[in-house]
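S.K.: One file: entry15.txt (compact mmCIF, C-alpha atoms).
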```txt
# COMPACT_ATOMS: atom_id res chain seq x y z
CA MET Y 935 0.00 0.00 0.00
CA ASP Y 936 3.05 2.27 -0.04
CA ALA Y 937 3.81 4.60 -2.91
CA ARG Y 938 6.69 3.39 -5.05
CA SER Y 939 8.53 5.64 -7.47
CA LEU Y 940 9.87 4.21 -10.72
CA ALA Y 941 12.53 6.91 -10.80
CA ASP Y 942 13.76 5.94 -7.33
CA ALA Y 943 13.70 2.27 -8.30
CA PHE Y 944 15.84 2.87 -11.38
CA ASP Y 945 18.19 5.10 -9.35
CA ALA Y 946 18.82 2.06 -7.15
CA VAL Y 947 19.70 -0.19 -10.11
CA ASP Y 948 23.11 0.26 -11.72
CA ASP Y 949 23.66 -3.03 -13.49
CA THR Y 950 22.07 -4.10 -16.75
CA TRP Y 951 20.12 -7.31 -17.34
CA GLU Y 952 19.52 -7.72 -13.59
CA PRO Y 953 15.78 -7.43 -13.03
CA ARG Y 954 14.64 -6.34 -9.55
CA LEU Y 955 11.27 -6.98 -7.94
CA LEU Y 956 9.35 -3.74 -7.42
CA ALA Y 957 5.86 -4.99 -6.54
CA GLU Y 958 3.77 -8.14 -6.50
CA LEU Y 959 0.05 -8.67 -6.89
CA ASN Y 960 -2.23 -11.54 -7.84
CA ASP Y 961 0.75 -13.90 -8.17
CA GLN Y 962 2.25 -11.55 -10.73
CA HIS Y 963 5.54 -9.69 -10.40
CA VAL Y 964 6.32 -6.13 -11.43
CA LYS Y 965 10.04 -5.82 -12.07
CA VAL Y 966 12.36 -3.07 -13.20
CA ALA Y 967 15.45 -3.66 -15.31
CA ARG Y 968 18.11 -1.73 -17.16
CA LEU Y 969 18.84 -3.22 -20.56
CA ASP Y 970 21.68 -2.45 -22.95
CA GLY Y 971 22.56 -4.37 -26.08
CA GLU Y 972 21.27 -7.76 -27.17
CA PHE Y 973 19.73 -10.36 -24.91
CA VAL Y 974 19.38 -14.10 -25.67
CA TRP Y 975 16.58 -15.61 -27.70
CA HIS Y 976 14.15 -17.38 -25.37
CA ALA Y 977 10.50 -18.11 -24.70
CA HIS Y 978 8.42 -18.56 -21.56
CA PRO Y 979 6.32 -21.66 -22.23
CA ASP Y 980 3.54 -20.78 -19.78
CA ALA Y 981 3.88 -17.07 -19.19
CA ASP Y 982 2.96 -13.97 -21.15
CA GLU Y 983 5.41 -11.14 -20.50
CA LEU Y 984 4.79 -7.41 -20.73
CA PHE Y 985 7.62 -4.98 -21.56
CA TYR Y 986 6.98 -1.29 -20.82
CA VAL Y 987 9.70 1.18 -21.73
CA VAL Y 988 10.12 4.05 -19.29
CA ASP Y 989 13.15 5.52 -21.02
CA GLY Y 990 15.36 4.45 -23.89
CA ASP Y 991 14.99 2.62 -27.18
CA LEU Y 992 14.13 -1.07 -27.31
CA THR Y 993 13.36 -3.55 -30.05
CA ILE Y 994 11.62 -6.81 -29.20
CA GLU Y 995 12.36 -9.33 -31.93
CA TYR Y 996 9.79 -12.10 -32.26
CA ARG Y 997 9.92 -15.52 -33.93
CA ALA Y 998 6.51 -17.12 -34.32
CA ASP Y 999 5.41 -19.79 -36.80
CA SER Y 1000 8.82 -19.57 -38.43
CA GLU Y 1001 8.16 -15.91 -39.16
CA GLU Y 1002 10.27 -13.10 -37.75
CA ARG Y 1003 8.98 -9.70 -36.84
CA SER Y 1004 9.93 -7.00 -34.41
CA VAL Y 1005 8.44 -4.05 -32.60
CA ARG Y 1006 10.38 -0.96 -31.57
CA LEU Y 1007 9.49 0.69 -28.28
CA GLY Y 1008 10.29 4.18 -27.03
CA PRO Y 1009 9.31 5.82 -23.75
CA GLY Y 1010 5.68 5.10 -22.91
CA ASP Y 1011 5.38 2.12 -25.27
CA LEU Y 1012 4.63 -1.47 -24.33
CA THR Y 1013 4.30 -4.88 -25.93
CA VAL Y 1014 3.21 -8.31 -24.71
CA ALA Y 1015 5.29 -11.38 -25.63
CA PRO Y 1016 2.77 -14.25 -25.61
CA ALA Y 1017 3.58 -17.49 -23.81
CA GLY Y 1018 5.62 -19.83 -25.97
CA VAL Y 1019 6.67 -17.19 -28.50
CA GLU Y 1020 10.42 -16.83 -28.92
CA HIS Y 1021 11.61 -13.29 -28.39
CA ARG Y 1022 14.79 -11.32 -27.91
CA PRO Y 1023 15.06 -7.82 -26.43
CA VAL Y 1024 17.64 -5.59 -28.11
CA ALA Y 1025 18.28 -2.25 -26.40
CA HIS Y 1026 19.83 0.33 -28.74
CA GLU Y 1027 20.92 2.41 -25.77
CA GLU Y 1028 20.64 1.96 -22.01
CA THR Y 1029 16.93 1.43 -21.54
CA GLU Y 1030 14.74 1.40 -18.45
CA VAL Y 1031 12.05 -1.27 -18.65
CA VAL Y 1032 9.19 -2.37 -16.43
CA LEU Y 1033 8.28 -6.07 -16.71
CA PHE Y 1034 4.96 -7.58 -15.72
CA GLU Y 1035 4.84 -11.37 -15.59
CA PRO Y 1036 3.82 -14.28 -13.36
CA ALA Y 1037 5.77 -14.81 -10.15
CA GLY Y 1038 8.55 -17.30 -10.75
CA THR Y 1039 9.19 -16.31 -14.36
CA THR Y 1040 12.93 -16.29 -15.04
CA ASN Y 1041 14.41 -13.72 -17.38
CA THR Y 1042 15.86 -16.21 -19.84
CA GLY Y 1043 12.86 -18.58 -19.92
CA ASP Y 1044 13.70 -21.81 -21.72
CA ALA Y 1045 17.28 -20.66 -22.45
CA GLU Y 1046 18.17 -21.90 -19.00
CA ASP Y 1047 21.87 -22.40 -19.49
CA SER Y 1048 22.43 -18.75 -20.36
CA ASP Y 1049 24.95 -16.81 -18.34
CA ARG Y 1050 22.33 -14.08 -18.27
CA THR Y 1051 19.93 -16.17 -16.16
CA VAL Y 1052 19.00 -14.53 -12.85
CA GLU Y 1053 17.50 -17.13 -10.49
CA ASP Y 1054 17.13 -15.01 -7.37
CA VAL Y 1055 15.58 -11.66 -8.13
CA GLU Y 1056 16.34 -9.09 -5.44
CA ARG Y 1057 13.82 -6.56 -4.30
CA VAL Y 1058 14.37 -2.92 -5.04
CA MET T 462 2.84 -8.58 -30.01
CA ASP T 463 2.15 -5.11 -31.37
CA ALA T 464 3.64 -1.99 -29.85
CA ARG T 465 1.11 0.04 -27.92
CA SER T 466 1.67 3.65 -26.95
CA LEU T 467 0.28 4.94 -23.68
CA ALA T 468 0.16 8.45 -25.13
CA ASP T 469 -1.95 7.26 -28.07
CA ALA T 470 -4.22 5.33 -25.71
CA PHE T 471 -4.85 8.37 -23.52
CA ASP T 472 -5.40 10.52 -26.62
CA ALA T 473 -8.25 8.16 -27.49
CA VAL T 474 -9.91 8.53 -24.08
CA ASP T 475 -11.82 11.73 -23.37
CA ASP T 476 -14.12 10.76 -20.55
CA THR T 477 -13.14 10.34 -16.91
CA TRP T 478 -13.79 7.25 -14.76
CA GLU T 479 -14.23 5.09 -17.87
CA PRO T 480 -11.42 2.53 -17.88
CA ARG T 481 -10.43 1.07 -21.25
CA LEU T 482 -8.69 -2.23 -21.92
CA LEU T 483 -5.21 -1.70 -23.38
CA ALA T 484 -3.67 -5.17 -23.08
CA GLU T 485 -4.26 -8.55 -21.50
CA LEU T 486 -1.86 -11.22 -20.32
CA ASN T 487 -1.96 -14.16 -17.91
CA ASP T 488 -5.66 -13.49 -17.18
CA GLN T 489 -4.74 -9.98 -16.08
CA HIS T 490 -5.93 -6.75 -17.65
CA VAL T 491 -3.96 -3.60 -18.30
CA LYS T 492 -6.35 -0.66 -18.43
CA VAL T 493 -5.98 3.06 -18.91
CA ALA T 494 -8.28 5.60 -17.30
CA ARG T 495 -8.61 9.33 -16.85
CA LEU T 496 -9.58 10.25 -13.29
CA ASP T 497 -10.73 13.60 -11.93
CA GLY T 498 -12.13 14.24 -8.46
CA GLU T 499 -13.31 11.69 -5.90
CA PHE T 500 -14.28 8.13 -6.66
CA VAL T 501 -16.41 5.87 -4.43
CA TRP T 502 -15.04 3.86 -1.51
CA HIS T 503 -14.84 0.21 -2.49
CA ALA T 504 -12.80 -3.00 -2.21
CA HIS T 505 -12.12 -5.91 -4.52
CA PRO T 506 -12.55 -9.00 -2.32
CA ASP T 507 -10.36 -11.30 -4.42
CA ALA T 508 -8.22 -8.96 -6.51
CA ASP T 509 -5.16 -6.85 -5.82
CA GLU T 510 -5.14 -3.70 -7.94
CA LEU T 511 -2.15 -1.68 -9.12
CA PHE T 512 -2.44 2.05 -9.83
CA TYR T 513 0.36 3.64 -11.86
CA VAL T 514 0.19 7.38 -12.49
CA VAL T 515 1.39 8.47 -15.93
CA ASP T 516 0.46 12.12 -15.46
CA GLY T 517 -1.39 14.07 -12.82
CA ASP T 518 -1.79 14.00 -9.05
CA LEU T 519 -3.61 11.17 -7.30
CA THR T 520 -4.26 10.20 -3.71
CA ILE T 521 -5.31 6.65 -2.87
CA GLU T 522 -7.08 6.67 0.47
CA TYR T 523 -7.01 3.34 2.31
CA ARG T 524 -9.11 1.98 5.17
CA ALA T 525 -7.65 -1.15 6.74
CA ASP T 526 -8.25 -2.54 10.23
CA SER T 527 -10.33 0.55 11.02
CA GLU T 528 -7.26 2.66 10.33
CA GLU T 529 -7.12 5.27 7.58
CA ARG T 530 -4.04 6.15 5.61
CA SER T 531 -3.35 7.50 2.18
CA VAL T 532 -0.59 7.62 -0.41
CA ARG T 533 -0.09 10.44 -2.90
CA LEU T 534 1.10 9.56 -6.38
CA GLY T 535 2.65 11.78 -9.04
CA PRO T 536 3.92 10.83 -12.49
CA GLY T 537 5.92 7.60 -12.36
CA ASP T 538 4.54 6.50 -8.98
CA LEU T 539 2.52 3.38 -8.24
CA THR T 540 0.75 1.64 -5.38
CA VAL T 541 -0.97 -1.72 -4.92
CA ALA T 542 -4.36 -1.87 -3.21
CA PRO T 543 -4.46 -5.36 -1.67
CA ALA T 544 -7.51 -7.57 -2.12
CA GLY T 545 -10.21 -6.79 0.41
CA VAL T 546 -8.79 -3.43 1.48
CA GLU T 547 -11.20 -0.53 1.09
CA HIS T 548 -9.77 2.26 -1.00
CA ARG T 549 -10.82 5.44 -2.75
CA PRO T 550 -8.94 7.20 -5.54
CA VAL T 551 -9.04 11.00 -5.35
CA ALA T 552 -7.57 12.84 -8.34
CA HIS T 553 -6.57 16.41 -7.52
CA GLU T 554 -6.48 17.28 -11.22
CA GLU T 555 -7.19 15.30 -14.37
CA THR T 556 -4.94 12.30 -13.98
CA GLU T 557 -3.86 9.55 -16.38
CA VAL T 558 -3.67 6.18 -14.67
CA VAL T 559 -2.69 2.67 -15.76
CA LEU T 560 -4.41 -0.16 -13.87
CA PHE T 561 -3.19 -3.78 -13.57
CA GLU T 562 -5.74 -6.19 -12.19
CA PRO T 563 -7.29 -9.60 -12.87
CA ALA T 564 -9.58 -9.91 -15.86
CA GLY T 565 -13.15 -9.36 -14.78
CA THR T 566 -12.36 -6.87 -12.02
CA THR T 567 -14.95 -4.08 -12.03
CA ASN T 568 -13.92 -0.56 -11.20
CA THR T 569 -16.23 -0.15 -8.22
CA GLY T 570 -15.63 -3.60 -6.71
CA ASP T 571 -18.09 -4.34 -3.92
CA ALA T 572 -19.80 -0.93 -4.31
CA GLU T 573 -21.83 -2.51 -7.05
CA ASP T 574 -24.76 -0.14 -7.02
CA SER T 575 -22.59 2.86 -7.81
CA ASP T 576 -23.48 4.95 -10.84
CA ARG T 577 -19.76 4.88 -11.56
CA THR T 578 -19.76 1.11 -12.24
CA VAL T 579 -18.53 0.18 -15.73
CA GLU T 580 -19.60 -3.38 -16.56
CA ASP T 581 -18.41 -3.56 -20.15
CA VAL T 582 -14.93 -2.19 -20.57
CA GLU T 583 -14.20 -1.15 -24.15
CA ARG T 584 -10.86 -1.74 -25.78
CA VAL T 585 -8.68 1.21 -26.67
```
Just give me the structure as structure tokens.
M.R.:
Amino acid sequence: MDARSLADAFDAVDDTWEPRLLAELNDQHVKVARLDGEFVWHAHPDADELFYVVDGDLTIEYRADSEERSVRLGPGDLTVAPAGVEHRPVAHEETEVVLFEPAGTTNTGDAEDSDRTVEDVERV
Amino acid sequence: MDARSLADAFDAVDDTWEPRLLAELNDQHVKVARLDGEFVWHAHPDADELFYVVDGDLTIEYRADSEERSVRLGPGDLTVAPAGVEHRPVAHEETEVVLFEPAGTTNTGDAEDSDRTVEDVERV
């Protein structure tokens, strides 16, 4: 029931590709993350995932039904990666992102052996 | 998988207290709403509800365990009203809000006879 500030949350996060837990509700997690550069291709078999760009410039590349497409997101833009759809975030500059996804969703999904995998998400 | 712009969504909403469906994922709804003035006291017995202020000035008043408290939210701030906790949004000016809540959550919760109740939420 407290007020949480996105700006304060991002001020407390220096590292990239390290999502932090900002809030939880209805078994869903709201996370903040700084992204920069290319992430790994992955999918979340059972979880839709929302990306909301607070600041920066982000492309989400999608592979679905052997077709590739991408969406480019600036500040105030969002997209939803559906469960099971392969996707790869590519940040063209350091980008502040809010993620909304089920509790227990890991950042690299089915690409579990990635060195980018964060198992224990810290609170911010 | 499309990109959605919050600015475009709010541009398409003129009326206040009429939430619109912007996105859905994991049986949760992402809605946008313009608020102005005082809403009705209500609770959602089974649903936590997130309020994220995009622009404006919003107080969420809470009543829990016969105690009253409130949080004030400016742009970039959020709060989560836990399931079952009575709350009342009060917008001190016209305020743009994003709501995250389970699909099927009505805006007035257990205050069902309110003239503010919106049963059929349109998409934006």
S.K.: List the spatial neighbours of region 488-502 of chain T as a ChimeraX atom specification - criterion: any atom at most 9 Å away, all atoms listed in the file, same-chain residues fewer than 6 positions off excluded.
M.R.: /Y:960,962 /T:467,470-471,474-482,519,522-523,547-566,569,572,575,577,582,584-585
S.K.: Check which residues of chain T sit at most 10 Å from chain Y using all atoms listed in the file, and return one row each with the closest pair of atoms and their distance in Å to one decimal, ordered by chain and rising number, as a Markdown table.
M.R.:
```
| residue | atom | partner | partner_atom | distance |
| --- | --- | --- | --- | --- |
| T:Met462 | CA | Y:Val1014 | CA | 5.3 |
| T:Asp463 | CA | Y:Thr1013 | CA | 5.9 |
| T:Ala464 | CA | Y:Thr1013 | CA | 4.9 |
| T:Arg465 | CA | Y:Leu1012 | CA | 5.2 |
| T:Ser466 | CA | Y:Asp1011 | CA | 4.4 |
| T:Leu467 | CA | Y:Gly1010 | CA | 5.5 |
| T:Ala468 | CA | Y:Gly1010 | CA | 6.8 |
| T:Asp469 | CA | Y:Asp1011 | CA | 9.4 |
| T:Leu483 | CA | Y:Leu1012 | CA | 9.9 |
| T:Ala484 | CA | Y:Val1014 | CA | 7.7 |
| T:Glu485 | CA | Y:Val1014 | CA | 8.1 |
| T:Leu486 | CA | Y:Asp982 | CA | 5.6 |
| T:Asn487 | CA | Y:Asp982 | CA | 5.9 |
| T:Asp488 | CA | Y:Asp982 | CA | 9.5 |
| T:Gln489 | CA | Y:Asn960 | CA | 8.8 |
| T:Val491 | CA | Y:Leu984 | CA | 9.8 |
| T:Asp507 | CA | Y:Asn960 | CA | 8.8 |
| T:Ala508 | CA | Y:Asn960 | CA | 6.7 |
| T:Asp509 | CA | Y:Leu959 | CA | 5.6 |
| T:Glu510 | CA | Y:Leu959 | CA | 7.3 |
| T:Leu511 | CA | Y:Leu959 | CA | 7.7 |
| T:Phe512 | CA | Y:Ala937 | CA | 9.7 |
| T:Tyr513 | CA | Y:Arg938 | CA | 9.3 |
| T:Val514 | CA | Y:Ser939 | CA | 9.9 |
| T:Val515 | CA | Y:Gly1010 | CA | 8.9 |
| T:Thr520 | CA | Y:Ala937 | CA | 9.9 |
| T:Ile521 | CA | Y:Met935 | CA | 9.0 |
| T:Glu522 | CA | Y:Met935 | CA | 9.7 |
| T:Tyr523 | CA | Y:Met935 | CA | 8.1 |
| T:Arg530 | CA | Y:Met935 | CA | 9.3 |
| T:Ser531 | CA | Y:Met935 | CA | 8.5 |
| T:Val532 | CA | Y:Ala937 | CA | 5.9 |
| T:Arg533 | CA | Y:Ala937 | CA | 7.0 |
| T:Leu534 | CA | Y:Ala937 | CA | 6.6 |
| T:Gly535 | CA | Y:Ser939 | CA | 8.6 |
| T:Pro536 | CA | Y:Ser939 | CA | 8.6 |
| T:Gly537 | CA | Y:Leu940 | CA | 5.5 |
| T:Asp538 | CA | Y:Ser939 | CA | 4.4 |
| T:Leu539 | CA | Y:Arg938 | CA | 5.3 |
| T:Thr540 | CA | Y:Ala937 | CA | 4.9 |
| T:Val541 | CA | Y:Met935 | CA | 5.3 |
| T:Ala542 | CA | Y:Met935 | CA | 5.7 |
| T:Pro543 | CA | Y:Met935 | CA | 7.2 |
| T:Ala544 | CA | Y:Asn960 | CA | 8.7 |
| T:Val546 | CA | Y:Met935 | CA | 9.6 |
| T:Phe561 | CA | Y:Leu959 | CA | 8.9 |
| T:Glu562 | CA | Y:Asn960 | CA | 7.7 |
| T:Pro563 | CA | Y:Asn960 | CA | 7.4 |
```
S.K.: Got time to write the residues from that selection, C-alpha atoms, as a tab-separated table (two decimals), in the frame of the given file?
M.R.:
```tsv
chain	number	residue	atom	x	y	z
T	462	MET	CA	2.84	-8.58	-30.01
T	463	ASP	CA	2.15	-5.11	-31.37
T	464	ALA	CA	3.64	-1.99	-29.85
T	465	ARG	CA	1.11	0.04	-27.92
T	466	SER	CA	1.67	3.65	-26.95
T	467	LEU	CA	0.28	4.94	-23.68
T	468	ALA	CA	0.16	8.45	-25.13
T	469	ASP	CA	-1.95	7.26	-28.07
T	483	LEU	CA	-5.21	-1.70	-23.38
T	484	ALA	CA	-3.67	-5.17	-23.08
T	485	GLU	CA	-4.26	-8.55	-21.50
T	486	LEU	CA	-1.86	-11.22	-20.32
T	487	ASN	CA	-1.96	-14.16	-17.91
T	488	ASP	CA	-5.66	-13.49	-17.18
T	489	GLN	CA	-4.74	-9.98	-16.08
T	491	VAL	CA	-3.96	-3.60	-18.30
T	507	ASP	CA	-10.36	-11.30	-4.42
T	508	ALA	CA	-8.22	-8.96	-6.51
T	509	ASP	CA	-5.16	-6.85	-5.82
T	510	GLU	CA	-5.14	-3.70	-7.94
T	511	LEU	CA	-2.15	-1.68	-9.12
T	512	PHE	CA	-2.44	2.05	-9.83
T	513	TYR	CA	0.36	3.64	-11.86
T	514	VAL	CA	0.19	7.38	-12.49
T	515	VAL	CA	1.39	8.47	-15.93
T	520	THR	CA	-4.26	10.20	-3.71
T	521	ILE	CA	-5.31	6.65	-2.87
T	522	GLU	CA	-7.08	6.67	0.47
T	523	TYR	CA	-7.01	3.34	2.31
T	530	ARG	CA	-4.04	6.15	5.61
T	531	SER	CA	-3.35	7.50	2.18
T	532	VAL	CA	-0.59	7.62	-0.41
T	533	ARG	CA	-0.09	10.44	-2.90
T	534	LEU	CA	1.10	9.56	-6.38
T	535	GLY	CA	2.65	11.78	-9.04
T	536	PRO	CA	3.92	10.83	-12.49
T	537	GLY	CA	5.92	7.60	-12.36
T	538	ASP	CA	4.54	6.50	-8.98
T	539	LEU	CA	2.52	3.38	-8.24
T	540	THR	CA	0.75	1.64	-5.38
T	541	VAL	CA	-0.97	-1.72	-4.92
T	542	ALA	CA	-4.36	-1.87	-3.21
T	543	PRO	CA	-4.46	-5.36	-1.67
T	544	ALA	CA	-7.51	-7.57	-2.12
T	546	VAL	CA	-8.79	-3.43	1.48
T	561	PHE	CA	-3.19	-3.78	-13.57
T	562	GLU	CA	-5.74	-6.19	-12.19
T	563	PRO	CA	-7.29	-9.60	-12.87
```
S.K.: Of the candidates Y:Asp989, Y:Asp1047, Y:Asp1054, Y:Glu1001, which one gets nearest to His976 (chain Y) if we count all atoms listed in the file?
M.R.: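 Between Y:Asp989, Y:Asp1047, Y:Asp1054, Y:Glu1001, the residue approaching His976 (chain Y) most closely is Y:Asp1047.
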S.K.: Rounded to one decimal place, report the CA of Asp1044 (chain Y)-CA of Ala977 (chain Y) distance in Å.
M.R.: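 Interatomic distance, CA of Asp1044 (chain Y) to CA of Ala977 (chain Y): 5.7 Å.
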S.K.: In Å, with one decimal, what is the gap from CA of Ser527 (chain T) to CA of Asp576 (chain T)?
M.R.: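 Computed distance, CA of Ser527 (chain T) to CA of Asp576 (chain T), equals 25.9 Å.
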S.K.: Please compute the CA of Val579 (chain T)-CA of Thr567 (chain T) distance, one decimal, in Å.
M.R.: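 Going from CA of Val579 (chain T) over to CA of Thr567 (chain T) covers 6.7 Å.
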S.K.: Looking at Y:Gly1018, Y:Asp945, Y:Gly990, Y:Arg997, which one is nearest to His978 (chain Y), with distances taken over all atoms listed in the file?
M.R.: Y:Gly1018
S.K.: Just region 498-583 of chain T from the block, C-alpha atoms, as a tab-separated table (two decimals), in the first residue's frame, could you?
M.R.:
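Result saved to result_21.tsv:
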```
chain	number	residue	atom	x	y	z
T	498	GLY	CA	-12.13	14.24	-8.46
T	499	GLU	CA	-13.31	11.69	-5.90
T	500	PHE	CA	-14.28	8.13	-6.66
T	501	VAL	CA	-16.41	5.87	-4.43
T	502	TRP	CA	-15.04	3.86	-1.51
T	503	HIS	CA	-14.84	0.21	-2.49
T	504	ALA	CA	-12.80	-3.00	-2.21
T	505	HIS	CA	-12.12	-5.91	-4.52
T	506	PRO	CA	-12.55	-9.00	-2.32
T	507	ASP	CA	-10.36	-11.30	-4.42
T	508	ALA	CA	-8.22	-8.96	-6.51
T	509	ASP	CA	-5.16	-6.85	-5.82
T	510	GLU	CA	-5.14	-3.70	-7.94
T	511	LEU	CA	-2.15	-1.68	-9.12
T	512	PHE	CA	-2.44	2.05	-9.83
T	513	TYR	CA	0.36	3.64	-11.86
T	514	VAL	CA	0.19	7.38	-12.49
T	515	VAL	CA	1.39	8.47	-15.93
T	516	ASP	CA	0.46	12.12	-15.46
T	517	GLY	CA	-1.39	14.07	-12.82
T	518	ASP	CA	-1.79	14.00	-9.05
T	519	LEU	CA	-3.61	11.17	-7.30
T	520	THR	CA	-4.26	10.20	-3.71
T	521	ILE	CA	-5.31	6.65	-2.87
T	522	GLU	CA	-7.08	6.67	0.47
T	523	TYR	CA	-7.01	3.34	2.31
T	524	ARG	CA	-9.11	1.98	5.17
T	525	ALA	CA	-7.65	-1.15	6.74
T	526	ASP	CA	-8.25	-2.54	10.23
T	527	SER	CA	-10.33	0.55	11.02
T	528	GLU	CA	-7.26	2.66	10.33
T	529	GLU	CA	-7.12	5.27	7.58
T	530	ARG	CA	-4.04	6.15	5.61
T	531	SER	CA	-3.35	7.50	2.18
T	532	VAL	CA	-0.59	7.62	-0.41
T	533	ARG	CA	-0.09	10.44	-2.90
T	534	LEU	CA	1.10	9.56	-6.38
T	535	GLY	CA	2.65	11.78	-9.04
T	536	PRO	CA	3.92	10.83	-12.49
T	537	GLY	CA	5.92	7.60	-12.36
T	538	ASP	CA	4.54	6.50	-8.98
T	539	LEU	CA	2.52	3.38	-8.24
T	540	THR	CA	0.75	1.64	-5.38
T	541	VAL	CA	-0.97	-1.72	-4.92
T	542	ALA	CA	-4.36	-1.87	-3.21
T	543	PRO	CA	-4.46	-5.36	-1.67
T	544	ALA	CA	-7.51	-7.57	-2.12
T	545	GLY	CA	-10.21	-6.79	0.41
T	546	VAL	CA	-8.79	-3.43	1.48
T	547	GLU	CA	-11.20	-0.53	1.09
T	548	HIS	CA	-9.77	2.26	-1.00
T	549	ARG	CA	-10.82	5.44	-2.75
T	550	PRO	CA	-8.94	7.20	-5.54
T	551	VAL	CA	-9.04	11.00	-5.35
T	552	ALA	CA	-7.57	12.84	-8.34
T	553	HIS	CA	-6.57	16.41	-7.52
T	554	GLU	CA	-6.48	17.28	-11.22
T	555	GLU	CA	-7.19	15.30	-14.37
T	556	THR	CA	-4.94	12.30	-13.98
T	557	GLU	CA	-3.86	9.55	-16.38
T	558	VAL	CA	-3.67	6.18	-14.67
T	559	VAL	CA	-2.69	2.67	-15.76
T	560	LEU	CA	-4.41	-0.16	-13.87
T	561	PHE	CA	-3.19	-3.78	-13.57
T	562	GLU	CA	-5.74	-6.19	-12.19
T	563	PRO	CA	-7.29	-9.60	-12.87
T	564	ALA	CA	-9.58	-9.91	-15.86
T	565	GLY	CA	-13.15	-9.36	-14.78
T	566	THR	CA	-12.36	-6.87	-12.02
T	567	THR	CA	-14.95	-4.08	-12.03
T	568	ASN	CA	-13.92	-0.56	-11.20
T	569	THR	CA	-16.23	-0.15	-8.22
T	570	GLY	CA	-15.63	-3.60	-6.71
T	571	ASP	CA	-18.09	-4.34	-3.92
T	572	ALA	CA	-19.80	-0.93	-4.31
T	573	GLU	CA	-21.83	-2.51	-7.05
T	574	ASP	CA	-24.76	-0.14	-7.02
T	575	SER	CA	-22.59	2.86	-7.81
T	576	ASP	CA	-23.48	4.95	-10.84
T	577	ARG	CA	-19.76	4.88	-11.56
T	578	THR	CA	-19.76	1.11	-12.24
T	579	VAL	CA	-18.53	0.18	-15.73
T	580	GLU	CA	-19.60	-3.38	-16.56
T	581	ASP	CA	-18.41	-3.56	-20.15
T	582	VAL	CA	-14.93	-2.19	-20.57
T	583	GLU	CA	-14.20	-1.15	-24.15
```
